[in-house]
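Source file: entry.pdb (PDB, C-alpha atoms)
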```
MODEL        1
ATOM      1  CA  MET E   1     -12.468 -16.513  -8.867
ATOM      2  CA  ASN E   2     -10.853 -14.255 -11.503
ATOM      3  CA  ARG E   3     -10.165 -11.686  -8.815
ATOM      4  CA  ALA E   4      -8.489 -14.213  -6.587
ATOM      5  CA  TRP E   5      -6.234 -15.157  -9.492
ATOM      6  CA  GLY E   6      -5.558 -11.485 -10.173
ATOM      7  CA  LYS E   7      -4.514 -10.947  -6.558
ATOM      8  CA  LEU E   8      -2.335 -14.024  -6.650
ATOM      9  CA  ILE E   9      -0.615 -12.962  -9.887
ATOM     10  CA  LEU E  10       0.019  -9.448  -8.566
ATOM     11  CA  LEU E  11       1.360 -10.775  -5.271
ATOM     12  CA  ALA E  12       3.598 -13.261  -7.099
ATOM     13  CA  SER E  13       4.873 -10.463  -9.371
ATOM     14  CA  ILE E  14       5.690  -8.238  -6.385
ATOM     15  CA  LEU E  15       7.417 -11.091  -4.555
ATOM     16  CA  GLY E  16       9.302 -11.988  -7.757
ATOM     17  CA  LEU E  17      10.628  -8.427  -8.031
ATOM     18  CA  CYS E  18      11.551  -8.427  -4.340
ATOM     19  CA  LEU E  19      13.423 -11.730  -4.611
ATOM     20  CA  TYR E  20      15.210 -10.508  -7.734
ATOM     21  CA  SER E  21      16.197  -7.364  -5.876
ATOM     22  CA  GLN E  22      17.354  -9.354  -2.836
ATOM     23  CA  HIS E  23      19.638 -11.300  -5.165
ATOM     24  CA  GLU E  24      20.880  -8.509  -7.445
ATOM     25  CA  TYR E  25      20.700  -5.358  -5.314
ATOM     26  CA  GLY E  26      22.643  -7.150  -2.612
ATOM     27  CA  LYS E  27      25.493  -7.647  -5.094
ATOM     28  CA  ARG E  28      25.653  -3.912  -5.776
ATOM     29  CA  HIS E  29      25.006  -2.500  -2.330
ATOM     30  CA  SER E  30      26.661  -3.946   0.738
ATOM     31  CA  SER E  31      25.697  -3.402   4.342
ATOM     32  CA  ILE E  32      28.270  -2.228   6.891
ATOM     33  CA  PRO E  33      28.770  -5.747   8.381
ATOM     34  CA  GLU E  34      29.364  -7.108   4.859
ATOM     35  CA  ILE E  35      31.877  -4.324   4.200
ATOM     36  CA  GLU E  36      33.682  -5.046   7.469
ATOM     37  CA  GLU E  37      33.851  -8.764   6.676
ATOM     38  CA  GLU E  38      35.826  -8.164   3.472
ATOM     39  CA  PRO E  39      38.205  -5.225   4.054
ATOM     40  CA  ASP E  40      40.351  -5.993   0.988
ATOM     41  CA  ARG E  41      37.361  -5.913  -1.336
ATOM     42  CA  PHE E  42      36.182  -2.572   0.055
ATOM     43  CA  GLU E  43      39.478  -0.695   0.014
ATOM     44  CA  ASN E  44      39.205   2.602  -1.919
ATOM     45  CA  VAL E  45      35.580   1.959  -2.791
ATOM     46  CA  SER E  46      33.062   4.820  -2.856
ATOM     47  CA  PHE E  47      30.369   4.739  -0.184
ATOM     48  CA  ARG E  48      27.117   6.602   0.229
ATOM     49  CA  SER E  49      24.706   6.337   3.099
ATOM     50  CA  GLU E  50      22.364   8.045   5.493
ATOM     51  CA  GLY E  51      22.352   7.595   9.251
ATOM     52  CA  ARG E  52      23.039   9.115  12.656
ATOM     53  CA  ALA E  53      26.344  10.530  13.888
ATOM     54  CA  ARG E  54      27.454   9.224  17.284
ATOM     55  CA  ASN E  55      30.586   9.801  19.399
ATOM     56  CA  VAL E  56      31.245  13.046  17.566
ATOM     57  CA  THR E  57      34.614  14.781  18.010
ATOM     58  CA  VAL E  58      35.074  18.146  16.301
ATOM     59  CA  GLY E  59      38.532  19.705  16.090
ATOM     60  CA  GLN E  60      40.698  20.447  13.068
ATOM     61  CA  THR E  61      38.883  17.470  11.585
ATOM     62  CA  THR E  62      35.557  15.870  12.399
ATOM     63  CA  SER E  63      35.327  12.260  13.475
ATOM     64  CA  PHE E  64      32.225  10.296  14.331
ATOM     65  CA  ALA E  65      30.631   6.878  14.187
ATOM     66  CA  LEU E  66      28.063   6.685  11.395
ATOM     67  CA  VAL E  67      25.174   4.507  12.568
ATOM     68  CA  VAL E  68      23.083   3.112   9.697
ATOM     69  CA  MET E  69      20.069   1.028  10.718
ATOM     70  CA  GLY E  70      21.824  -0.254  13.823
ATOM     71  CA  ASP E  71      25.232  -0.862  12.157
ATOM     72  CA  SER E  72      28.154   1.470  12.743
ATOM     73  CA  ILE E  73      31.288   2.557  10.871
ATOM     74  CA  ASP E  74      34.007   5.026  11.916
ATOM     75  CA  ALA E  75      34.046   8.132   9.746
ATOM     76  CA  PHE E  76      36.501  11.011   9.372
ATOM     77  CA  TYR E  77      35.983  14.318   7.617
ATOM     78  CA  ASP E  78      38.948  16.635   7.104
ATOM     79  CA  ARG E  79      36.851  19.726   7.813
ATOM     80  CA  THR E  80      35.352  21.319  10.859
ATOM     81  CA  VAL E  81      31.581  21.044  10.705
ATOM     82  CA  ARG E  82      28.836  21.879  13.179
ATOM     83  CA  LEU E  83      27.989  18.278  13.899
ATOM     84  CA  LYS E  84      26.337  17.230  17.144
ATOM     85  CA  ASP E  85      25.915  13.792  18.649
ATOM     86  CA  GLY E  86      22.706  12.229  17.321
ATOM     87  CA  ASP E  87      22.488  14.439  14.206
ATOM     88  CA  ARG E  88      21.097  12.730  11.142
ATOM     89  CA  VAL E  89      23.490  12.947   8.202
ATOM     90  CA  ILE E  90      23.986  11.902   4.602
ATOM     91  CA  VAL E  91      27.598  11.104   3.836
ATOM     92  CA  TYR E  92      29.520  10.359   0.695
ATOM     93  CA  GLY E  93      33.094   9.145   0.851
ATOM     94  CA  ILE E  94      35.762   6.553   0.221
ATOM     95  CA  LEU E  95      36.124   3.393   2.280
ATOM     96  CA  HIS E  96      39.541   2.571   3.711
ATOM     97  CA  MET E  97      38.567  -0.710   5.265
ATOM     98  CA  LYS E  98      42.110  -2.018   5.726
ATOM     99  CA  LYS E  99      42.353   0.697   8.371
ATOM    100  CA  GLY E 100      38.672   0.337   9.181
ATOM    101  CA  TYR E 101      37.227   3.748   8.423
ATOM    102  CA  LEU E 102      35.309   5.886   5.964
ATOM    103  CA  GLN E 103      36.953   9.047   4.622
ATOM    104  CA  VAL E 104      34.068  11.468   4.151
ATOM    105  CA  THR E 105      34.305  13.695   1.073
ATOM    106  CA  GLN E 106      30.837  15.280   1.177
ATOM    107  CA  MET E 107      28.332  15.528   3.964
ATOM    108  CA  HIS E 108      24.913  16.984   4.620
ATOM    109  CA  ILE E 109      23.568  17.452   8.131
ATOM    110  CA  TYR E 110      19.801  17.447   8.441
ATOM    111  CA  LYS E 111      18.790  20.691  10.079
ATOM    112  CA  ASP E 112      15.793  19.453  11.989
ATOM    113  CA  ILE E 113      14.749  15.898  11.279
ATOM    114  CA  ARG E 114      12.006  16.123  13.932
ATOM    115  CA  ARG E 115      10.171  18.631  11.739
ATOM    116  CA  LEU E 116      10.102  15.994   8.979
ATOM    117  CA  TYR E 117       8.646  13.422  11.388
ATOM    118  CA  VAL E 118       6.049  15.850  12.789
ATOM    119  CA  LEU E 119       4.911  16.886   9.296
ATOM    120  CA  SER E 120       4.781  13.213   8.285
ATOM    121  CA  ALA E 121       2.644  12.420  11.340
ATOM    122  CA  VAL E 122       0.272  15.232  10.316
ATOM    123  CA  GLY E 123       0.303  13.804   6.777
ATOM    124  CA  LEU E 124      -0.629  10.376   8.137
ATOM    125  CA  VAL E 125      -3.610  11.848  10.019
ATOM    126  CA  VAL E 126      -4.743  13.628   6.830
ATOM    127  CA  VAL E 127      -4.424  10.404   4.776
ATOM    128  CA  LEU E 128      -6.479   8.470   7.311
ATOM    129  CA  TYR E 129      -9.109  11.212   7.420
ATOM    130  CA  LEU E 130      -9.391  11.545   3.634
ATOM    131  CA  PHE E 131      -9.533   7.789   3.120
ATOM    132  CA  LEU E 132     -11.753   6.686   5.990
ATOM    133  CA  ARG E 133     -14.159   9.566   5.317
ATOM    134  CA  ASP E 134     -15.121   7.887   2.024
ATOM    135  CA  TRP E 135     -14.415   4.186   2.521
ATOM    136  CA  ARG E 136     -15.401   1.440   4.948
ATOM    137  CA  VAL E 137     -14.607  -2.262   5.196
ATOM    138  CA  ASP E 138     -17.449  -4.612   4.381
ATOM    139  CA  ARG E 139     -16.874  -8.373   4.026
ATOM    140  CA  LEU E 140     -13.120  -7.946   3.571
ATOM    141  CA  GLU E 141     -13.640  -5.361   0.838
ATOM    142  CA  TRP E 142     -13.349  -1.576   0.833
ATOM    143  CA  ARG E 143     -16.693  -0.065  -0.131
ATOM    144  CA  ARG E 144     -17.793   3.524  -0.501
ATOM    145  CA  ARG E 145     -19.515   4.849   2.617
ATOM    146  CA  HIS E 146     -22.253   6.716   0.737
ATOM    147  CA  ALA E 147     -22.695   4.642  -2.408
TER     148      ALA E 147
ATOM    149  CA  MET J   1      12.049  11.848   0.982
ATOM    150  CA  PRO J   2       9.903  14.908   1.576
ATOM    151  CA  ASP J   3       7.452  14.689   4.476
ATOM    152  CA  TRP J   4       4.161  12.841   4.073
ATOM    153  CA  LEU J   5       2.137  16.056   4.300
ATOM    154  CA  THR J   6       3.771  17.169   1.026
ATOM    155  CA  TYR J   7       2.793  13.930  -0.712
ATOM    156  CA  VAL J   8      -0.778  14.001   0.593
ATOM    157  CA  LEU J   9      -1.307  17.686  -0.216
ATOM    158  CA  SER J  10       0.062  17.026  -3.699
ATOM    159  CA  ALA J  11      -2.459  14.203  -4.201
ATOM    160  CA  TRP J  12      -5.247  16.476  -2.958
ATOM    161  CA  VAL J  13      -4.156  19.300  -5.288
ATOM    162  CA  ALA J  14      -4.019  16.862  -8.241
ATOM    163  CA  CYS J  15      -7.583  15.664  -7.556
ATOM    164  CA  GLU J  16      -8.877  19.211  -7.037
ATOM    165  CA  LEU J  17      -7.283  20.383 -10.288
ATOM    166  CA  ALA J  18      -8.710  17.362 -12.096
ATOM    167  CA  ALA J  19     -12.149  18.231 -10.701
ATOM    168  CA  LEU J  20     -11.739  21.878 -11.733
ATOM    169  CA  VAL J  21     -10.927  20.939 -15.325
ATOM    170  CA  GLY J  22     -14.051  18.812 -15.376
ATOM    171  CA  LEU J  23     -12.871  15.285 -14.615
ATOM    172  CA  ARG J  24     -16.005  13.920 -13.011
ATOM    173  CA  GLY J  25     -15.529  12.086  -9.758
ATOM    174  CA  ALA J  26     -11.935  13.174  -9.122
ATOM    175  CA  ARG J  27     -12.843  14.440  -5.635
ATOM    176  CA  ARG J  28     -14.438  11.097  -4.802
ATOM    177  CA  TYR J  29     -11.049   9.428  -5.050
ATOM    178  CA  VAL J  30      -8.901  11.940  -3.213
ATOM    179  CA  GLY J  31      -8.535   9.519  -0.270
ATOM    180  CA  VAL J  32      -7.361   6.759  -2.590
ATOM    181  CA  ALA J  33      -4.870   9.096  -4.313
ATOM    182  CA  ALA J  34      -3.618  10.156  -0.878
ATOM    183  CA  VAL J  35      -3.026   6.517   0.092
ATOM    184  CA  GLY J  36      -1.223   5.983  -3.233
ATOM    185  CA  SER J  37       0.986   8.982  -2.514
ATOM    186  CA  VAL J  38       2.429   7.346   0.609
ATOM    187  CA  LEU J  39       2.381   3.757  -0.693
ATOM    188  CA  PRO J  40       6.026   3.682  -1.947
ATOM    189  CA  ASP J  41       7.108   4.447   1.622
ATOM    190  CA  LEU J  42       6.137   0.884   2.576
ATOM    191  CA  VAL J  43       9.865   0.396   2.113
ATOM    192  CA  LYS J  44      10.416   2.444   5.294
ATOM    193  CA  ALA J  45       8.738  -0.328   7.312
ATOM    194  CA  PHE J  46      11.628  -2.577   6.273
ATOM    195  CA  PHE J  47      14.135   0.082   7.377
ATOM    196  CA  LEU J  48      12.461   0.078  10.800
ATOM    197  CA  LEU J  49      12.527  -3.729  10.839
ATOM    198  CA  LYS J  50      16.267  -3.623  10.183
ATOM    199  CA  THR J  51      16.924  -0.899  12.748
ATOM    200  CA  TYR J  52      14.799  -2.208  15.602
ATOM    201  CA  GLY J  53      14.238  -5.872  14.734
ATOM    202  CA  HIS J  54      17.689  -6.557  13.240
ATOM    203  CA  VAL J  55      16.035  -8.354  10.323
ATOM    204  CA  ASP J  56      17.708  -7.210   7.109
ATOM    205  CA  LEU J  57      15.180  -7.246   4.280
ATOM    206  CA  VAL J  58      16.178  -3.855   2.897
ATOM    207  CA  ALA J  59      17.406  -5.219  -0.458
ATOM    208  CA  PHE J  60      14.223  -7.334  -0.643
ATOM    209  CA  SER J  61      12.020  -4.276  -0.116
ATOM    210  CA  VAL J  62      13.741  -1.955  -2.612
ATOM    211  CA  PRO J  63      11.246  -2.633  -5.494
ATOM    212  CA  LEU J  64       8.374  -1.260  -3.399
ATOM    213  CA  ALA J  65       9.783   2.240  -3.911
ATOM    214  CA  THR J  66      10.413   1.843  -7.655
ATOM    215  CA  PRO J  67       7.862   2.917 -10.290
ATOM    216  CA  LEU J  68       7.029  -0.620 -11.446
ATOM    217  CA  GLY J  69       7.006  -2.132  -7.966
ATOM    218  CA  ALA J  70       4.875   0.653  -6.498
ATOM    219  CA  ILE J  71       2.360   0.381  -9.362
ATOM    220  CA  LEU J  72       2.094  -3.378  -8.774
ATOM    221  CA  VAL J  73       1.524  -2.720  -5.063
ATOM    222  CA  ALA J  74      -1.144  -0.159  -6.029
ATOM    223  CA  GLY J  75      -2.750  -2.834  -8.216
ATOM    224  CA  PHE J  76      -2.685  -5.325  -5.371
ATOM    225  CA  ALA J  77      -4.124  -2.806  -2.905
ATOM    226  CA  SER J  78      -6.841  -1.845  -5.439
ATOM    227  CA  SER J  79      -7.926  -5.470  -5.716
ATOM    228  CA  PHE J  80      -9.336  -5.205  -2.181
ATOM    229  CA  PHE J  81     -11.886  -2.599  -3.265
ATOM    230  CA  ASP J  82     -15.452  -3.011  -4.475
ATOM    231  CA  SER J  83     -15.220  -4.451  -8.003
ATOM    232  CA  SER J  84     -17.334  -1.624  -9.485
ATOM    233  CA  GLU J  85     -14.706   0.874  -8.245
ATOM    234  CA  LEU J  86     -11.622  -1.159  -9.053
ATOM    235  CA  ARG J  87     -10.439   0.628 -12.207
ATOM    236  CA  SER J  88     -10.951   4.138 -10.846
ATOM    237  CA  VAL J  89      -9.351   3.226  -7.520
ATOM    238  CA  PHE J  90      -6.327   1.794  -9.330
ATOM    239  CA  ALA J  91      -6.022   4.850 -11.590
ATOM    240  CA  TYR J  92      -6.149   7.325  -8.699
ATOM    241  CA  MET J  93      -3.830   5.230  -6.553
ATOM    242  CA  VAL J  94      -1.323   5.225  -9.421
ATOM    243  CA  ILE J  95      -1.647   9.022  -9.639
ATOM    244  CA  GLY J  96      -0.650   9.116  -5.964
ATOM    245  CA  VAL J  97       2.290   6.789  -6.602
ATOM    246  CA  VAL J  98       3.483   8.931  -9.535
ATOM    247  CA  ILE J  99       3.297  12.045  -7.335
ATOM    248  CA  HIS J 100       5.416  10.347  -4.665
ATOM    249  CA  ILE J 101       8.052   9.177  -7.127
ATOM    250  CA  ALA J 102       8.121  12.555  -8.881
ATOM    251  CA  TRP J 103       8.855  14.330  -5.576
ATOM    252  CA  ASP J 104      11.522  11.786  -4.631
ATOM    253  CA  PHE J 105      13.109  12.248  -8.045
ATOM    254  CA  THR J 106      13.755  15.923  -7.236
ATOM    255  CA  LEU J 107      15.927  15.051  -4.236
ATOM    256  CA  HIS J 108      19.674  15.379  -3.930
ATOM    257  CA  PRO J 109      21.464  12.405  -5.561
ATOM    258  CA  TYR J 110      23.880  11.512  -2.855
ATOM    259  CA  GLY J 111      20.992  10.617  -0.616
ATOM    260  CA  GLY J 112      20.447   7.688  -2.984
ATOM    261  CA  GLY J 113      18.359   8.303  -6.072
ATOM    262  CA  GLN J 114      15.452   6.547  -7.730
ATOM    263  CA  LEU J 115      15.727   3.169  -9.438
ATOM    264  CA  MET J 116      13.555   4.455 -12.262
ATOM    265  CA  LEU J 117      14.208   1.588 -14.678
ATOM    266  CA  PHE J 118      14.157  -1.287 -12.195
ATOM    267  CA  PRO J 119      14.233  -4.268 -12.919
ATOM    268  CA  LEU J 120      15.916  -3.461 -16.246
ATOM    269  CA  SER J 121      18.603  -1.401 -14.555
ATOM    270  CA  PHE J 122      19.878  -0.757 -11.048
ATOM    271  CA  GLU J 123      21.116   2.699 -11.973
ATOM    272  CA  GLN J 124      19.938   5.318  -9.492
ATOM    273  CA  SER J 125      19.052   8.769 -10.727
ATOM    274  CA  SER J 126      17.680  12.014  -9.366
ATOM    275  CA  LEU J 127      17.488  15.686 -10.267
ATOM    276  CA  GLY J 128      19.330  16.779  -7.145
ATOM    277  CA  TRP J 129      17.323  19.943  -6.601
ATOM    278  CA  ILE J 130      16.209  19.543  -3.007
ATOM    279  CA  TRP J 131      17.542  18.033   0.207
ATOM    280  CA  SER J 132      15.123  15.584   1.765
ATOM    281  CA  ASP J 133      14.851  17.610   5.002
ATOM    282  CA  SER J 134      13.925  20.785   3.138
ATOM    283  CA  VAL J 135      10.509  22.413   3.622
ATOM    284  CA  LEU J 136      10.687  23.655   0.028
ATOM    285  CA  PRO J 137       8.429  20.878  -1.371
ATOM    286  CA  LEU J 138       5.792  21.680   1.251
ATOM    287  CA  ALA J 139       6.090  25.394   0.472
ATOM    288  CA  ILE J 140       5.810  24.721  -3.262
ATOM    289  CA  ILE J 141       2.680  22.572  -2.970
ATOM    290  CA  GLY J 142       1.277  24.681  -0.123
ATOM    291  CA  ILE J 143       0.665  27.653  -2.454
ATOM    292  CA  PRO J 144      -1.679  25.898  -4.938
ATOM    293  CA  ALA J 145      -3.225  23.974  -2.034
ATOM    294  CA  ALA J 146      -4.092  27.225  -0.242
ATOM    295  CA  MET J 147      -5.497  28.715  -3.464
ATOM    296  CA  LEU J 148      -7.640  25.653  -4.159
ATOM    297  CA  LEU J 149      -8.825  25.544  -0.566
ATOM    298  CA  SER J 150      -9.901  29.185  -0.898
ATOM    299  CA  ILE J 151     -11.846  28.332  -4.040
ATOM    300  CA  ARG J 152     -13.543  25.432  -2.258
ATOM    301  CA  LEU J 153     -14.408  27.545   0.737
ATOM    302  CA  ALA J 154     -15.861  30.175  -1.574
ATOM    303  CA  HIS J 155     -17.981  27.483  -3.237
ATOM    304  CA  GLY J 156     -19.056  26.292   0.183
ATOM    305  CA  ARG J 157     -20.682  29.666   0.816
ATOM    306  CA  LEU J 158     -22.844  29.407  -2.281
ATOM    307  CA  PRO J 159     -26.587  28.782  -1.837
ATOM    308  CA  GLY J 160     -27.645  25.189  -1.279
ATOM    309  CA  PRO J 161     -29.030  24.064  -4.675
ATOM    310  CA  ARG J 162     -26.026  25.450  -6.594
ATOM    311  CA  ARG J 163     -23.570  23.916  -4.153
ATOM    312  CA  HIS J 164     -25.356  20.589  -4.593
ATOM    313  CA  GLY J 165     -24.920  20.970  -8.336
ATOM    314  CA  HIS J 166     -21.162  21.272  -7.946
ATOM    315  CA  ARG J 167     -20.746  18.320  -5.633
ATOM    316  CA  GLY J 168     -20.423  15.754  -8.387
ATOM    317  CA  LEU J 169     -17.471  17.423 -10.102
TER     318      LEU J 169
ENDMDL
END
```
If you convert what's in this file into structure tokens, what do you get?
Amino acid sequence: MNRAWGKLILLASILGLCLYSQHEYGKRHSSIPEIEEEPDRFENVSFRSEGRARNVTVGQTTSFALVVMGDSIDAFYDRTVRLKDGDRVIVYGILHMKKGYLQVTQMHIYKDIRRLYVLSAVGLVVVLYLFLRDWRVDRLEWRRRHA
Amino acid sequence: MPDWLTYVLSAWVACELAALVGLRGARRYVGVAAVGSVLPDLVKAFFLLKTYGHVDLVAFSVPLATPLGAILVAGFASSFFDSSELRSVFAYMVIGVVIHIAWDFTLHPYGGGQLMLFPLSFEQSSLGWIWSDSVLPLAIIGIPAAMLLSIRLAHGRLPGPRRHGHRGL
């Protein structure tokens, strides 16, 4: 009974933190649709995000659409960079939402994001091996295999 | 974030080192520490939900990757273990969580930064040493991991009774 209460208290605490974050974090960090809805509020505001570059055009300047979790914003960088369509990037810049774009001031292009995914997949296999080697489920509880 | 192999190897190295300095049972919980080391990345599931399911719970999920939130999640996950193991499981899972957050804290700040003091503060901070796509963390942890693996393999070649004697460390 005590354990059930313990679980309930922990779950309530986690949910409480998440709800608090939903309320407060949302005030401090806006998604791209929220930014686009209020262009006046987001004029000359600093912006930082990570996503994929699409529709890349590289000339004297670099322009692309920054796609962040399915949402997109036009971005311009006044430098020539080796950016390819589909590259994963971290950008830092200033929003000019009255004109509807992000002026990039700093940018990092991930060299090979697939390597990160492959190594993470290997990591997942190792986690599963290390954990399931020692533990098994018995009556909805994790118990040691060789107790 | 560094790759998951870095986190898991780090958890393994921590448990091996703990066993080497005489902390009894550290090796028995390496799997739990490994799970703890990837636990804060539960938040990534919400990123996927936003990207592919168009359900935006990113702000809701942020605490799962903070020190306090991740420790609470570790506590909740530990509560599903055999009651005789609960305290040790929680302790080793927290070690994994701390390893994860420590690695993330080394990353470059304009990729985000850690909400170290959440919920007291929403200020994000990081050391800014490493880009998240760098293999440097894996290289750094790979060296002690290789050394410890060599030690273990050397122990594995010892005669049976002595090897048995070392198993409990």
>> Tell me as a ChimeraX atom specification which residues belonging to chain E come within 7 Å of chain J, counting all atoms listed in the file.
In response: /E:7,10-11,14,17-19,21-22,25-26,48-50,69-70,90,92,110,113,116,119-120,122-124,127,130-131,141-143
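Minimum atom-to-atom distance to Arg41 of chain E, evaluated using all atoms listed in the file, belongs to E:Leu95 out of E:Leu95, E:Val126, E:Leu102, E:Val118.
Separating atom CA of Ile140 of chain J from atom CA of Ala26 of chain J is a distance of 22.0 Å.
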>> Here's the selection I'm unsure about, the PyMOL selection byres ((chain E and resi 45) around 12); applied to the file above, which residues does it give, as number ranges by chain?
In response: E: 28-30, 35, 38-44, 46-48, 92-98, 101-104
Residues matched by the PyMOL selection byres ((chain E and resi 84) around 9), written as a compact mmCIF listing (two decimals) with C-alpha atoms, keeping the file's coordinate frame:
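The result, stored in expr34.txt:
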```
# COMPACT_ATOMS: atom_id res chain seq x y z
CA ALA E 53 26.34 10.53 13.89
CA ARG E 54 27.45 9.22 17.28
CA ASN E 55 30.59 9.80 19.40
CA VAL E 56 31.24 13.05 17.57
CA THR E 57 34.61 14.78 18.01
CA VAL E 58 35.07 18.15 16.30
CA ARG E 82 28.84 21.88 13.18
CA LEU E 83 27.99 18.28 13.90
CA ASP E 85 25.92 13.79 18.65
CA GLY E 86 22.71 12.23 17.32
CA ASP E 87 22.49 14.44 14.21
```
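Relative to atom CA of Ala139 of chain J, atom CA of Cys15 of chain J is found at 18.6 Å.
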>> Would you pick out the contacts of Pro144 of chain J at 10 Å or less, using only C-alpha atoms, so that residues sharing its chain but fewer than 2 positions from it are not included, and give the list as a VMD selection string?
In response: chain J and resid 9 to 10 13 to 14 17 139 to 142 146 to 150
> To one decimal place, how far is atom CA of Arg79 of chain E from atom CA of Thr61 of chain E in Å?
Replying inline: 4.8 Å
>> Could you check the closest approach to Arg27 of chain J for each of J:Tyr92, J:Ile130, J:Ala102, J:Gln114 and tell me which residue wins, using only C-alpha atoms?
In response: J:Tyr92
